[in-house]
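Colleague: Quick one: the structure is below, and I'll ask about it shortly.
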Amino acid sequence: MAEAEGRKYNFKVVLLGEGCVGKTSLVLRYVENKFNDRHLSTMQASFLNKRLNVGGKRVNLAIWDTAGQERFHALGPIYYRDSNGAILVYDITDEDSFQKVKNWVRELRRMLGQDVALCIVGNKIDLEKQRHVTIQEAETYAASVNAKHFHSSAKLNRGVEELFLDLSKEMITKSEGTLLRQGRPGGRGRRNNVVVVDDSKEEPPMKSGNCC
């Protein structure tokens, strides 16, 4: 137990979804506890870091917030390559944004397989009266693709911390399972860009400002 608690994890997380669903607002609320009522358009991608402690295990999240506009769709693989986790966001008032999440799930599973941890997020629950995507429909679909489903509101700061914490736990579970399959229960391991380091050993530097 002491050995596991001494580990540090560096994870790459990518946010995907249509424009205007609130991806940037979710990230800013989580990392900086800020919310802006004005729509924030992301040009290609932005990058933020967040450090947290999960049951004594130190986690560093390199969070990539991608643009949702269709003209940037082809750039997606550049940013989600080697991701350990993906957050797929839709607007609960916009059925089309939910359907587009299904396209991203298919693409991620095809490119990254089952190793990537997926969370599907119905954002803007502060607009519940305008909901067009039913809870049952969303949760049934998420279960069918082995993804967790969350509801959130960046505006009200609801479900945001829980979303990132649960994703971090899932990524830890997957990375530890990979190490065990490789016969390396302790020490240093790497799967794609995940780095697991014991406190007793020197930690490799974290790449900054480079998606790959």
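In the structure tokens, the first chain shown is A, the next is B, and so on; residue numbers restart at 1 for each chain, and ligands run from 1 in the order shown.
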Write out as a PyMOL selection string which residues come within 12 Å of Gly159 in chain A when counting only C-alpha atoms, dropping same-chain ones fewer than 2 positions away.
Modeller: chain A and resi 26+29-30+121-126+149-157+161-166
Colleague: Okay, now the selection with C-alpha atoms, as an mmCIF file, in the first residue's frame?
Modeller:
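Saved file part00.cif follows:
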```
data_model
loop_
_atom_site.group_PDB
_atom_site.id
_atom_site.type_symbol
_atom_site.label_atom_id
_atom_site.label_comp_id
_atom_site.auth_asym_id
_atom_site.auth_seq_id
_atom_site.Cartn_x
_atom_site.Cartn_y
_atom_site.Cartn_z
ATOM 1 C CA LEU A 26 -15.599 23.149 -17.881
ATOM 2 C CA ARG A 29 -14.007 26.060 -13.903
ATOM 3 C CA TYR A 30 -11.989 22.997 -12.885
ATOM 4 C CA VAL A 121 -20.674 14.619 -20.152
ATOM 5 C CA GLY A 122 -24.057 16.258 -20.539
ATOM 6 C CA ASN A 123 -23.256 19.898 -19.854
ATOM 7 C CA LYS A 124 -25.489 22.922 -19.138
ATOM 8 C CA ILE A 125 -27.843 21.268 -16.663
ATOM 9 C CA ASP A 126 -28.667 24.810 -15.555
ATOM 10 C CA HIS A 149 -21.698 9.398 -17.870
ATOM 11 C CA PHE A 150 -21.882 12.658 -15.952
ATOM 12 C CA HIS A 151 -24.101 15.715 -15.850
ATOM 13 C CA SER A 152 -22.466 19.070 -15.266
ATOM 14 C CA SER A 153 -22.885 22.806 -15.230
ATOM 15 C CA ALA A 154 -19.772 24.945 -15.484
ATOM 16 C CA LYS A 155 -21.956 27.959 -14.689
ATOM 17 C CA LEU A 156 -23.259 26.489 -11.411
ATOM 18 C CA ASN A 157 -20.044 24.539 -10.724
ATOM 19 C CA GLU A 161 -14.830 18.193 -9.691
ATOM 20 C CA GLU A 162 -16.545 14.805 -9.638
ATOM 21 C CA LEU A 163 -16.021 14.362 -13.366
ATOM 22 C CA PHE A 164 -12.271 14.936 -13.338
ATOM 23 C CA LEU A 165 -11.765 12.985 -10.091
ATOM 24 C CA ASP A 166 -13.592 9.939 -11.403
#
```
Colleague: Can you list, as a PyMOL selection string, all residues belonging to range 42-168 of chain A that DSSP tags as strand (DSSP E or B)?
Modeller: chain A and resi 45-54+57-66+85-91+117-123+148-151+153+158
Colleague: What is the CA of Arg109 in chain A to CA of Asn146 in chain A distance in Å?
Modeller: 10.5 Å
Colleague: Can you tell me, as a PyMOL selection string, which residues in range 8-180 of chain A count as alpha helix (DSSP H) by DSSP?
Modeller: chain A and resi 23-32+76-80+95-112+135-144+160-180
Colleague: Counting only C-alpha atoms, what is within 8 Å of Leu15 in chain A, bar same-chain residues fewer than 3 positions away, as a compact mmCIF listing (two decimals) with N, CA and C atoms, in the first residue's frame?
Modeller:
```txt
# COMPACT_ATOMS: atom_id res chain seq x y z
N LYS A 23 -16.94 23.10 -23.43
CA LYS A 23 -15.69 22.41 -23.08
C LYS A 23 -14.73 23.35 -22.36
N ILE A 63 -4.27 18.74 -19.67
CA ILE A 63 -5.62 18.79 -20.24
C ILE A 63 -5.60 19.58 -21.54
N TRP A 64 -6.02 18.94 -22.62
CA TRP A 64 -6.10 19.57 -23.94
C TRP A 64 -7.55 19.85 -24.27
N ASP A 65 -7.86 21.12 -24.44
CA ASP A 65 -9.20 21.57 -24.81
C ASP A 65 -9.20 21.88 -26.30
N THR A 66 -9.94 21.10 -27.08
CA THR A 66 -9.88 21.22 -28.54
C THR A 66 -11.03 22.06 -29.08
N ALA A 86 -10.36 10.70 -22.14
CA ALA A 86 -11.07 11.63 -23.02
C ALA A 86 -12.40 12.01 -22.39
N ILE A 87 -12.70 13.29 -22.43
CA ILE A 87 -13.98 13.80 -21.95
C ILE A 87 -14.76 14.28 -23.18
N LEU A 88 -15.88 13.63 -23.44
CA LEU A 88 -16.69 13.94 -24.62
C LEU A 88 -17.92 14.70 -24.16
N VAL A 89 -18.00 15.96 -24.56
CA VAL A 89 -19.01 16.87 -24.01
C VAL A 89 -20.12 17.14 -25.02
```
Colleague: How many Å lie between CA of Lys50 in chain A and CA of Arg106 in chain A, rounded to one decimal?
Modeller: 27.5 Å
Colleague: When you draw a straight line from CA of Thr24 in chain A to CA of Ala62 in chain A, how long is it in Å?
Modeller: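 Taking CA of Thr24 in chain A and CA of Ala62 in chain A, their separation equals 14.2 Å.
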Colleague: Could you give me, as a list of chain:residue names, the residues within 12 Å of Val105 in chain A, counting only C-alpha atoms and dropping anything in the same chain fewer than 6 positions from it?
Modeller: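 So the residues in contact are A:Leu15, A:Leu16, A:Gly17, A:Tyr80, A:Gly85, A:Ala86, A:Ile87, A:Leu88, A:Val89, A:Phe98, A:Gln99, A:Met111, A:Leu112, A:Gly113, A:Gln114, A:Val116, A:Ala117, A:Leu118, A:Cys119, A:Ile120, A:Tyr141, A:Ala142, A:Ser144, A:Val145, A:Asn146, A:Ala147.
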Colleague: So that I have them on file, write out the residues from the current selection with C-alpha atoms, as a PDB file, in the first residue's frame.
Modeller:
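part.pdb was written with the following content:
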```
ATOM      1  CA  LEU A  15     -11.809  17.268 -24.348  1.00  0.00           C
ATOM      2  CA  LEU A  16     -13.834  16.686 -27.522  1.00  0.00           C
ATOM      3  CA  GLY A  17     -17.227  17.869 -28.674  1.00  0.00           C
ATOM      4  CA  TYR A  80      -5.944  13.024 -28.785  1.00  0.00           C
ATOM      5  CA  GLY A  85      -8.466   9.837 -20.929  1.00  0.00           C
ATOM      6  CA  ALA A  86     -11.066  11.630 -23.019  1.00  0.00           C
ATOM      7  CA  ILE A  87     -13.985  13.798 -21.953  1.00  0.00           C
ATOM      8  CA  LEU A  88     -16.686  13.943 -24.620  1.00  0.00           C
ATOM      9  CA  VAL A  89     -19.006  16.866 -24.008  1.00  0.00           C
ATOM     10  CA  PHE A  98     -24.998  14.332 -28.520  1.00  0.00           C
ATOM     11  CA  GLN A  99     -25.007  12.503 -31.852  1.00  0.00           C
ATOM     12  CA  MET A 111      -7.479   4.802 -32.733  1.00  0.00           C
ATOM     13  CA  LEU A 112      -6.811   4.132 -29.031  1.00  0.00           C
ATOM     14  CA  GLY A 113      -8.699   0.919 -28.260  1.00  0.00           C
ATOM     15  CA  GLN A 114      -9.943   0.085 -24.771  1.00  0.00           C
ATOM     16  CA  VAL A 116      -8.342   5.104 -23.054  1.00  0.00           C
ATOM     17  CA  ALA A 117     -10.755   6.013 -20.247  1.00  0.00           C
ATOM     18  CA  LEU A 118     -13.897   7.694 -21.582  1.00  0.00           C
ATOM     19  CA  CYS A 119     -16.290  10.067 -19.846  1.00  0.00           C
ATOM     20  CA  ILE A 120     -19.384  11.373 -21.630  1.00  0.00           C
ATOM     21  CA  TYR A 141     -25.483   4.838 -24.678  1.00  0.00           C
ATOM     22  CA  ALA A 142     -22.550   5.528 -22.315  1.00  0.00           C
ATOM     23  CA  SER A 144     -23.004   0.462 -24.189  1.00  0.00           C
ATOM     24  CA  VAL A 145     -19.552   1.877 -25.036  1.00  0.00           C
ATOM     25  CA  ASN A 146     -18.042   1.252 -21.580  1.00  0.00           C
ATOM     26  CA  ALA A 147     -17.922   4.942 -20.696  1.00  0.00           C
TER      27      ALA A 147
END
```
Colleague: Considering only C-alpha atoms, state which residue in the set A:Val101, A:Leu48, A:Val133, A:Val13 is at the smallest distance from Leu167 in chain A.
Modeller: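 Closest to Leu167 in chain A, using only C-alpha atoms: A:Val13.
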Colleague: With distances taken over only C-alpha atoms, which residue among A:His132, A:Arg7, A:Lys100, A:Lys174 lies nearest Gly56 in chain A?
Modeller: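 Distance minimum relative to Gly56 in chain A lands on A:Arg7.
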